[in-house]
file my_file.cif (mmCIF, C-alpha atoms)
data_coords
loop_
_atom_site.label_atom_id
_atom_site.label_comp_id
_atom_site.auth_asym_id
_atom_site.auth_seq_id
_atom_site.Cartn_x
_atom_site.Cartn_y
_atom_site.Cartn_z
CA MET A 1385 -10.72 48.48 54.66
CA GLN A 1386 -9.88 46.72 51.41
CA GLN A 1387 -11.75 43.60 52.56
CA ALA A 1388 -14.88 45.66 53.27
CA ALA A 1389 -14.64 47.28 49.82
CA GLN A 1390 -14.34 43.89 48.14
CA LYS A 1391 -17.35 42.50 50.04
CA ARG A 1392 -19.37 45.55 49.02
CA ALA A 1393 -18.28 45.09 45.40
CA ILE A 1394 -19.30 41.42 45.43
CA LEU A 1395 -22.70 42.37 46.85
CA LEU A 1396 -23.14 44.95 44.09
CA MET A 1397 -22.29 42.30 41.48
CA VAL A 1398 -24.91 39.94 42.96
CA ILE A 1399 -27.47 42.75 42.67
CA CYS A 1400 -26.32 43.36 39.06
CA SER A 1401 -26.78 39.69 38.16
CA THR A 1402 -30.21 39.65 39.76
CA LEU A 1403 -31.37 42.71 37.81
CA TRP A 1404 -29.78 41.51 34.55
CA SER A 1405 -31.73 38.25 34.90
CA ILE A 1406 -35.17 39.88 34.62
CA ALA A 1407 -34.68 40.58 30.91
CA GLY A 1408 -36.74 37.59 29.75
CA ILE A 1409 -39.86 38.73 31.60
CA PHE A 1410 -40.06 42.07 29.79
CA ILE A 1411 -38.65 41.06 26.40
CA LYS A 1412 -41.58 38.63 26.01
CA LEU A 1413 -43.96 41.59 26.36
CA ILE A 1414 -42.36 43.57 23.50
CA PRO A 1415 -43.37 42.49 19.96
CA TRP A 1416 -40.32 44.10 18.35
CA ASN A 1417 -37.27 42.84 16.51
CA ALA A 1418 -34.45 41.88 18.90
CA LEU A 1419 -32.06 44.51 17.50
CA VAL A 1420 -34.68 47.24 17.96
CA ILE A 1421 -35.20 46.13 21.57
CA ALA A 1422 -31.43 46.10 22.18
CA GLY A 1423 -31.06 49.57 20.64
CA TRP A 1424 -33.83 51.27 22.62
CA ARG A 1425 -32.89 49.45 25.82
CA SER A 1426 -29.31 50.73 25.54
CA LEU A 1427 -30.42 54.26 24.62
CA ILE A 1428 -32.54 54.48 27.77
CA SER A 1429 -29.75 52.87 29.79
CA ALA A 1430 -27.31 55.48 28.47
CA GLY A 1431 -29.56 58.12 30.06
CA CYS A 1432 -29.18 56.39 33.45
CA VAL A 1433 -25.39 56.38 33.07
CA VAL A 1434 -25.41 60.10 32.18
CA VAL A 1435 -27.50 60.90 35.28
CA TYR A 1436 -25.03 58.99 37.48
CA MET A 1437 -21.99 60.63 35.89
CA CYS A 1438 -23.52 64.09 36.40
CA ALA A 1439 -24.36 63.29 40.04
CA ALA A 1440 -20.85 61.91 40.64
CA ARG A 1441 -19.28 64.82 38.70
CA LEU A 1442 -17.51 62.49 36.29
CA ARG A 1443 -16.45 63.82 32.89
CA VAL A 1444 -17.05 61.94 29.66
CA ARG A 1445 -13.62 60.87 28.46
CA VAL A 1446 -13.11 59.58 24.93
CA ASN A 1447 -9.74 57.85 24.96
CA ARG A 1448 -8.28 54.51 23.99
CA THR A 1449 -9.44 52.82 27.19
CA SER A 1450 -13.03 54.09 27.08
CA LEU A 1451 -13.33 53.25 23.38
CA VAL A 1452 -12.10 49.69 23.94
CA CYS A 1453 -14.59 49.29 26.80
CA GLY A 1454 -17.39 50.75 24.71
CA VAL A 1455 -16.71 48.77 21.54
CA PHE A 1456 -16.54 45.43 23.33
CA LEU A 1457 -19.60 46.16 25.47
CA ALA A 1458 -21.57 46.96 22.30
CA LEU A 1459 -20.22 43.83 20.59
CA THR A 1460 -21.34 41.77 23.60
CA PHE A 1461 -24.89 43.14 23.39
CA LEU A 1462 -25.20 42.80 19.61
CA ALA A 1463 -23.51 39.39 19.38
CA PHE A 1464 -25.74 37.93 22.10
CA VAL A 1465 -28.90 39.28 20.46
CA SER A 1466 -27.76 37.94 17.07
CA ALA A 1467 -26.84 34.56 18.56
CA ASN A 1468 -30.36 34.24 19.97
CA LYS A 1469 -31.67 34.65 16.42
CA LEU A 1470 -29.17 32.22 14.84
CA THR A 1471 -29.12 29.40 17.39
CA THR A 1472 -31.18 28.24 20.38
CA ALA A 1473 -31.54 30.55 23.38
CA ALA A 1474 -29.94 27.90 25.61
CA ASN A 1475 -26.92 27.59 23.32
CA ALA A 1476 -26.54 31.38 23.23
CA ILE A 1477 -26.60 31.69 27.03
CA VAL A 1478 -24.26 28.77 27.73
CA LEU A 1479 -21.74 29.75 25.04
CA GLN A 1480 -21.71 33.43 26.07
CA PHE A 1481 -20.73 32.37 29.57
CA THR A 1482 -17.45 31.04 28.25
CA ALA A 1483 -16.30 34.54 29.30
CA PRO A 1484 -14.50 33.35 32.49
CA VAL A 1485 -12.45 30.91 30.39
CA PHE A 1486 -11.42 33.69 28.02
CA ILE A 1487 -10.53 35.91 31.00
CA LEU A 1488 -8.16 33.22 32.28
CA ILE A 1489 -6.58 32.77 28.83
CA LEU A 1490 -6.28 36.48 27.93
CA SER A 1491 -5.00 37.50 31.37
CA ALA A 1492 -2.34 34.78 31.24
CA LEU A 1493 -1.25 35.50 27.65
CA VAL A 1494 -1.46 39.29 27.58
CA PHE A 1495 -0.79 40.32 31.19
CA ARG A 1496 1.22 37.27 32.34
CA GLN A 1497 -1.21 36.92 35.25
CA ARG A 1498 -1.14 33.70 37.24
CA PHE A 1499 -4.26 32.11 38.65
CA ALA A 1500 -4.59 29.67 41.51
CA ARG A 1501 -5.84 26.16 40.85
CA ALA A 1502 -8.97 27.06 42.81
CA ASP A 1503 -9.71 29.82 40.27
CA VAL A 1504 -9.42 27.43 37.33
CA ALA A 1505 -11.52 24.81 39.15
CA ALA A 1506 -14.21 27.40 39.92
CA VAL A 1507 -14.39 28.42 36.25
CA LEU A 1508 -14.65 24.81 35.03
CA LEU A 1509 -17.28 23.85 37.63
CA THR A 1510 -19.32 26.97 36.85
CA MET A 1511 -19.25 26.16 33.13
CA CYS A 1512 -20.34 22.57 33.85
CA GLY A 1513 -23.15 23.79 36.10
CA ILE A 1514 -24.48 26.19 33.47
CA ALA A 1515 -24.30 23.46 30.81
CA LEU A 1516 -26.22 21.08 33.12
CA PHE A 1517 -28.80 23.76 33.79
CA PHE A 1518 -29.66 23.96 30.10
CA LEU A 1519 -28.89 20.34 29.21
CA ASP A 1520 -32.46 19.55 28.13
CA GLN A 1521 -32.45 22.52 25.73
CA LEU A 1522 -28.92 22.27 24.31
CA SER A 1523 -28.61 21.10 20.71
CA PRO A 1524 -26.08 21.22 17.86
CA GLY A 1525 -27.85 24.42 16.77
CA ASN A 1526 -26.83 26.64 13.90
CA LEU A 1527 -23.03 26.55 13.58
CA LEU A 1528 -22.80 30.27 12.77
CA GLY A 1529 -25.04 31.12 15.74
CA ASN A 1530 -22.89 29.04 18.08
CA PHE A 1531 -19.74 30.82 16.90
CA VAL A 1532 -21.44 34.21 17.33
CA ALA A 1533 -22.39 33.22 20.90
CA ILE A 1534 -18.78 32.25 21.62
CA GLY A 1535 -17.80 35.63 20.15
CA ALA A 1536 -20.16 37.24 22.67
CA GLY A 1537 -18.28 35.38 25.43
CA LEU A 1538 -14.94 36.63 24.10
CA SER A 1539 -16.11 40.24 23.80
CA MET A 1540 -17.62 40.05 27.29
CA ALA A 1541 -14.28 38.83 28.65
CA VAL A 1542 -12.41 41.71 27.00
CA MET A 1543 -15.02 44.14 28.35
CA TYR A 1544 -14.57 42.81 31.90
CA ILE A 1545 -10.76 43.08 31.63
CA ALA A 1546 -10.82 46.55 30.02
CA THR A 1547 -13.27 48.05 32.54
CA GLY A 1548 -11.37 46.43 35.41
CA ARG A 1549 -8.15 48.18 34.37
CA ALA A 1550 -9.71 51.59 33.63
CA ASP A 1551 -9.93 54.60 35.94
CA GLU A 1552 -13.44 55.60 37.04
CA GLU A 1553 -14.06 58.27 34.41
CA SER A 1554 -12.79 56.11 31.54
CA ARG A 1555 -14.74 53.11 32.85
CA MET A 1556 -18.08 54.93 33.09
CA SER A 1557 -17.41 56.71 29.79
CA GLY A 1558 -16.74 53.32 28.19
CA ILE A 1559 -20.04 51.94 29.52
CA LEU A 1560 -21.83 55.03 28.16
CA ILE A 1561 -20.12 54.69 24.77
CA GLY A 1562 -21.04 51.00 24.63
CA HIS A 1563 -24.71 51.80 25.15
CA LEU A 1564 -24.61 54.57 22.55
CA PHE A 1565 -22.93 52.30 19.98
CA THR A 1566 -25.59 49.65 20.60
CA ALA A 1567 -28.36 52.24 20.26
CA ALA A 1568 -26.85 53.53 17.01
CA ALA A 1569 -26.88 50.00 15.60
CA GLY A 1570 -30.30 48.94 16.91
CA VAL A 1571 -32.68 51.93 16.89
CA PRO A 1572 -32.51 52.55 13.09
CA CYS A 1573 -33.69 48.95 12.57
CA MET A 1574 -37.18 50.32 13.32
CA LEU A 1575 -37.18 51.37 9.67
CA LEU A 1576 -36.63 47.76 8.56
CA PHE A 1577 -38.93 45.86 10.93
CA ASP A 1578 -42.52 46.31 12.04
CA THR A 1579 -42.43 48.00 15.48
CA PRO A 1580 -45.95 48.34 16.90
CA ILE A 1581 -46.18 50.92 19.70
CA SER A 1582 -48.35 50.11 22.71
CA ALA A 1583 -48.46 51.08 26.38
CA SER A 1584 -47.23 47.60 27.35
CA ALA A 1585 -44.28 47.75 24.94
CA VAL A 1586 -43.26 51.27 26.03
CA LEU A 1587 -43.45 50.45 29.76
CA SER A 1588 -41.53 47.21 29.20
CA ILE A 1589 -38.73 48.86 27.19
CA PHE A 1590 -38.36 51.51 29.93
CA ALA A 1591 -38.22 48.78 32.57
CA LEU A 1592 -35.50 47.06 30.53
CA GLY A 1593 -33.56 50.27 29.97
CA VAL A 1594 -33.69 51.55 33.55
CA VAL A 1595 -34.05 48.54 35.87
CA GLN A 1596 -32.59 45.68 33.85
CA LEU A 1597 -29.65 47.50 32.21
CA GLY A 1598 -29.19 51.12 33.34
CA ILE A 1599 -29.02 50.74 37.13
CA PRO A 1600 -27.07 47.43 36.98
CA TYR A 1601 -24.36 48.88 34.73
CA VAL A 1602 -23.96 51.89 37.02
CA LEU A 1603 -23.57 49.44 39.93
CA TYR A 1604 -21.17 47.35 37.84
CA GLY A 1605 -19.09 50.45 37.09
CA ILE A 1606 -18.83 51.08 40.84
CA ALA A 1607 -18.21 47.43 41.77
CA VAL A 1608 -15.48 46.64 39.24
CA LYS A 1609 -13.10 49.04 40.99
CA ASN A 1610 -12.76 46.50 43.83
CA CYS A 1611 -13.96 43.35 42.07
CA PRO A 1612 -11.45 41.66 39.69
CA PRO A 1613 -12.69 40.71 36.17
CA LEU A 1614 -12.74 36.98 36.95
CA VAL A 1615 -14.83 37.56 40.08
CA CYS A 1616 -17.27 39.77 38.15
CA SER A 1617 -17.69 37.22 35.38
CA LEU A 1618 -18.25 34.28 37.73
CA ILE A 1619 -20.82 36.15 39.82
CA GLY A 1620 -22.39 37.27 36.54
CA ALA A 1621 -23.02 33.57 35.86
CA LEU A 1622 -25.91 33.82 38.33
CA GLU A 1623 -27.83 35.71 35.64
CA PRO A 1624 -28.81 32.73 33.44
CA LEU A 1625 -29.71 30.72 36.54
CA LEU A 1626 -32.03 33.37 37.96
CA ASN A 1627 -33.81 33.98 34.65
CA PRO A 1628 -35.81 30.69 34.79
CA VAL A 1629 -36.64 31.43 38.44
CA TRP A 1630 -38.55 34.54 37.36
CA VAL A 1631 -40.21 32.54 34.58
CA PHE A 1632 -41.33 29.96 37.16
CA LEU A 1633 -42.67 32.64 39.53
CA PHE A 1634 -44.58 34.45 36.77
CA THR A 1635 -45.67 31.56 34.52
CA GLY A 1636 -45.40 28.45 36.70
CA GLU A 1637 -42.98 26.76 34.27
CA ARG A 1638 -40.96 24.32 36.43
CA PRO A 1639 -37.24 23.65 35.83
CA GLY A 1640 -36.18 20.04 35.30
CA LEU A 1641 -33.91 17.85 37.44
CA PHE A 1642 -30.73 18.71 35.48
CA ALA A 1643 -31.56 22.41 35.85
CA LEU A 1644 -31.83 22.07 39.62
CA ILE A 1645 -28.55 20.12 39.83
CA GLY A 1646 -26.77 22.60 37.54
CA GLY A 1647 -28.06 25.58 39.51
CA ALA A 1648 -26.90 24.00 42.76
CA VAL A 1649 -23.43 23.32 41.28
CA VAL A 1650 -23.01 26.96 40.20
CA ILE A 1651 -24.31 28.51 43.42
CA VAL A 1652 -22.25 26.21 45.68
CA THR A 1653 -19.12 26.72 43.53
CA ILE A 1654 -19.35 30.51 43.50
CA THR A 1655 -20.20 30.69 47.21
CA ALA A 1656 -17.31 28.41 48.19
CA TRP A 1657 -14.92 30.29 45.89
CA CYS A 1658 -15.93 33.68 47.33
CA ILE A 1659 -15.52 32.38 50.90
CA ARG A 1660 -12.06 31.03 50.00
CA ARG A 1661 -11.06 34.40 48.47
CA ASP A 1662 -12.36 36.22 51.54
CA ARG A 1663 -10.33 34.01 53.89
CA ALA A 1664 -7.24 34.29 51.72
CA GLY A 1665 -7.60 38.08 51.69
CA ALA A 1666 -8.03 38.17 55.46
CA SER A 1667 -4.89 36.03 55.92
CA GLU A 1668 -2.87 38.36 53.68
CA ALA A 1669 -4.14 41.41 55.56
CA ALA A 1670 -3.22 39.81 58.89
CA ALA A 1671 0.23 38.94 57.61
#
call {"tool": "encode", "arguments": {"input": "my_file.cif", "output": "structure tokens"}}
result
Amino acid sequence: MQQAAQKRAILLMVICSTLWSIAGIFIKLIPWNALVIAGWRSLISAGCVVVYMCAARLRVRVNRTSLVCGVFLALTFLAFVSANKLTTAANAIVLQFTAPVFILILSALVFRQRFARADVAAVLLTMCGIALFFLDQLSPGNLLGNFVAIGAGLSMAVMYIATGRADEESRMSGILIGHLFTAAAGVPCMLLFDTPISASAVLSIFALGVVQLGIPYVLYGIAVKNCPPLVCSLIGALEPLLNPVWVFLFTGERPGLFALIGGAVVIVTITAWCIRRDRAGASEAAA
């Protein structure tokens, strides 16, 4: 039973990563400041979370756990958006996906959790694959922007750990609070930046809020119950790999050789690691 729940959770995380990866398609269609986009996207996404919580009869709980989840989710959103403004997009993506490394470090230091060598190897290979994928675009970048991107990776790691240890109501409440915090920080920026309203922009921001962020975070909230933080973060690494796939399908922009090699490294690593976990879990269940 537990094995079936874990497989379902992994499938949900793959769907999450796939939906998260479509952000670039719609963001290009919205001529707004990045913070304004982040704010409205999260506000619409918060509506999706509320609909799910009402349907599942979950109460909104404001406690230490939900606040920690919410604060670090909002920091992840805002730090990543800011990093994209301060350094190259490739640097921002690669450095944010230091999250699995931080999960290993924080779990070992704070919770005294031990990881198998295969877990550490999977993290390192995934990081190398992502770096290879963006090798042609990586640069020294703006030092502040690079540090902000690493901060996004750290806050993402804390978010994964916090939501993974929360009960369902606190977890979904934390996701809701994170979206509301992001909206509170981003939406008022409309007063500071030119925000032209058009049918294309409105449809795109709703697509981002509902399909790219709202539905995936509801699925993530369901999946994380049976999907450990490290598993979630590694499967989440599919997001930056799938993003250029959509760009290729919609614009014809072809990825380079290093991108293809890096993508293959990440996909093979995560697949092999998941198969190994599945077999290990089956052996424990049989024992």
call {"tool": "residues_near_point", "arguments": {"input": "my_file.cif", "point": "(-26.3, 25.5, 30.5)", "cutoff": "10 Å", "atoms": "only C-alpha atoms", "output": "ChimeraX atom specification"}}
result
/A:1474-1479,1481,1510-1522,1624-1625,1642-1643,1646-1647
call {"tool": "resolve_selection", "arguments": {"input": "my_file.cif", "expression": "the PyMOL selection byres ((chain A and resi 1542-1554) around 6)", "output": "ChimeraX atom specification"}}
result
/A:1442,1445,1450,1453,1456-1457,1539-1541,1555-1558,1608,1613
call {"tool": "resolve_selection", "arguments": {"input": "my_file.cif", "expression": "the PyMOL selection byres ((chain A and resi 1535) around 10)", "output": "compact mmCIF listing (two decimals) with C-alpha atoms, in the coordinates of the input"}}
result
# COMPACT_ATOMS: atom_id res chain seq x y z
CA LEU A 1459 -20.22 43.83 20.59
CA THR A 1460 -21.34 41.77 23.60
CA ALA A 1463 -23.51 39.39 19.38
CA PHE A 1464 -25.74 37.93 22.10
CA ALA A 1467 -26.84 34.56 18.56
CA LEU A 1479 -21.74 29.75 25.04
CA GLN A 1480 -21.71 33.43 26.07
CA THR A 1482 -17.45 31.04 28.25
CA ALA A 1483 -16.30 34.54 29.30
CA GLY A 1529 -25.04 31.12 15.74
CA ASN A 1530 -22.89 29.04 18.08
CA PHE A 1531 -19.74 30.82 16.90
CA VAL A 1532 -21.44 34.21 17.33
CA ALA A 1533 -22.39 33.22 20.90
CA ILE A 1534 -18.78 32.25 21.62
CA ALA A 1536 -20.16 37.24 22.67
CA GLY A 1537 -18.28 35.38 25.43
CA LEU A 1538 -14.94 36.63 24.10
CA SER A 1539 -16.11 40.24 23.80
CA MET A 1540 -17.62 40.05 27.29
CA ALA A 1541 -14.28 38.83 28.65
call {"tool": "resolve_selection", "arguments": {"input": "my_file.cif", "expression": "the PyMOL selection byres ((chain A and resi 1607) around 12)", "output": "VMD selection string"}}
result
chain A and resid 1389 to 1400 1544 1547 to 1548 1552 1555 to 1556 1600 to 1606 1608 to 1613 1615 to 1616 1619
call {"tool": "closest_residue", "arguments": {"input": "my_file.cif", "among": "A:Phe1565, A:Trp1404, A:Trp1630, A:Phe1495", "to": "Leu1427 of chain A", "atoms": "only C-alpha atoms"}}
result
A:Phe1565
call {"tool": "atom_distance", "arguments": {"input": "my_file.cif", "atom1": "atom CA of Val1571 of chain A", "atom2": "atom CA of Ser1617 of chain A"}}
result
28.0 Å
call {"tool": "closest_residue", "arguments": {"input": "my_file.cif", "among": "A:Ser1582, A:Thr1655, A:Ser1491, A:Asn1526", "to": "Leu1618 of chain A", "atoms": "only C-alpha atoms"}}
result
A:Thr1655
call {"tool": "build_atoms", "arguments": {"input": "my_file.cif", "residues": "segment 1519-1531 of chain A", "atoms": "N, CA and C atoms", "output": "mmCIF file, in the coordinates of the input"}}
result
data_model
loop_
_atom_site.group_PDB
_atom_site.id
_atom_site.type_symbol
_atom_site.label_atom_id
_atom_site.label_comp_id
_atom_site.auth_asym_id
_atom_site.auth_seq_id
_atom_site.Cartn_x
_atom_site.Cartn_y
_atom_site.Cartn_z
ATOM 1 N N LEU A 1519 -29.166 21.586 29.923
ATOM 2 C CA LEU A 1519 -28.890 20.340 29.210
ATOM 3 C C LEU A 1519 -30.071 19.893 28.347
ATOM 4 N N ASP A 1520 -31.285 20.007 28.863
ATOM 5 C CA ASP A 1520 -32.460 19.550 28.130
ATOM 6 C C ASP A 1520 -32.712 20.386 26.869
ATOM 7 N N GLN A 1521 -32.169 21.626 26.855
ATOM 8 C CA GLN A 1521 -32.450 22.520 25.730
ATOM 9 C C GLN A 1521 -31.263 22.653 24.783
ATOM 10 N N LEU A 1522 -30.095 22.136 25.172
ATOM 11 C CA LEU A 1522 -28.920 22.270 24.310
ATOM 12 C C LEU A 1522 -29.067 21.378 23.086
ATOM 13 N N SER A 1523 -28.553 21.860 21.957
ATOM 14 C CA SER A 1523 -28.610 21.100 20.710
ATOM 15 C C SER A 1523 -27.445 21.529 19.836
ATOM 16 N N PRO A 1524 -27.168 20.800 18.750
ATOM 17 C CA PRO A 1524 -26.080 21.220 17.860
ATOM 18 C C PRO A 1524 -26.279 22.650 17.369
ATOM 19 N N GLY A 1525 -27.555 23.044 17.154
ATOM 20 C CA GLY A 1525 -27.850 24.420 16.770
ATOM 21 C C GLY A 1525 -27.236 24.818 15.431
ATOM 22 N N ASN A 1526 -27.420 26.076 15.107
ATOM 23 C CA ASN A 1526 -26.830 26.640 13.900
ATOM 24 C C ASN A 1526 -25.359 26.939 14.185
ATOM 25 N N LEU A 1527 -24.467 26.416 13.335
ATOM 26 C CA LEU A 1527 -23.030 26.550 13.580
ATOM 27 C C LEU A 1527 -22.617 28.023 13.676
ATOM 28 N N LEU A 1528 -23.130 28.850 12.760
ATOM 29 C CA LEU A 1528 -22.800 30.270 12.770
ATOM 30 C C LEU A 1528 -23.277 30.909 14.079
ATOM 31 N N GLY A 1529 -24.499 30.567 14.500
ATOM 32 C CA GLY A 1529 -25.040 31.120 15.740
ATOM 33 C C GLY A 1529 -24.215 30.738 16.947
ATOM 34 N N ASN A 1530 -23.737 29.487 16.963
ATOM 35 C CA ASN A 1530 -22.890 29.040 18.080
ATOM 36 C C ASN A 1530 -21.579 29.809 18.128
ATOM 37 N N PHE A 1531 -20.988 30.055 16.945
ATOM 38 C CA PHE A 1531 -19.740 30.820 16.900
ATOM 39 C C PHE A 1531 -19.971 32.279 17.322
#
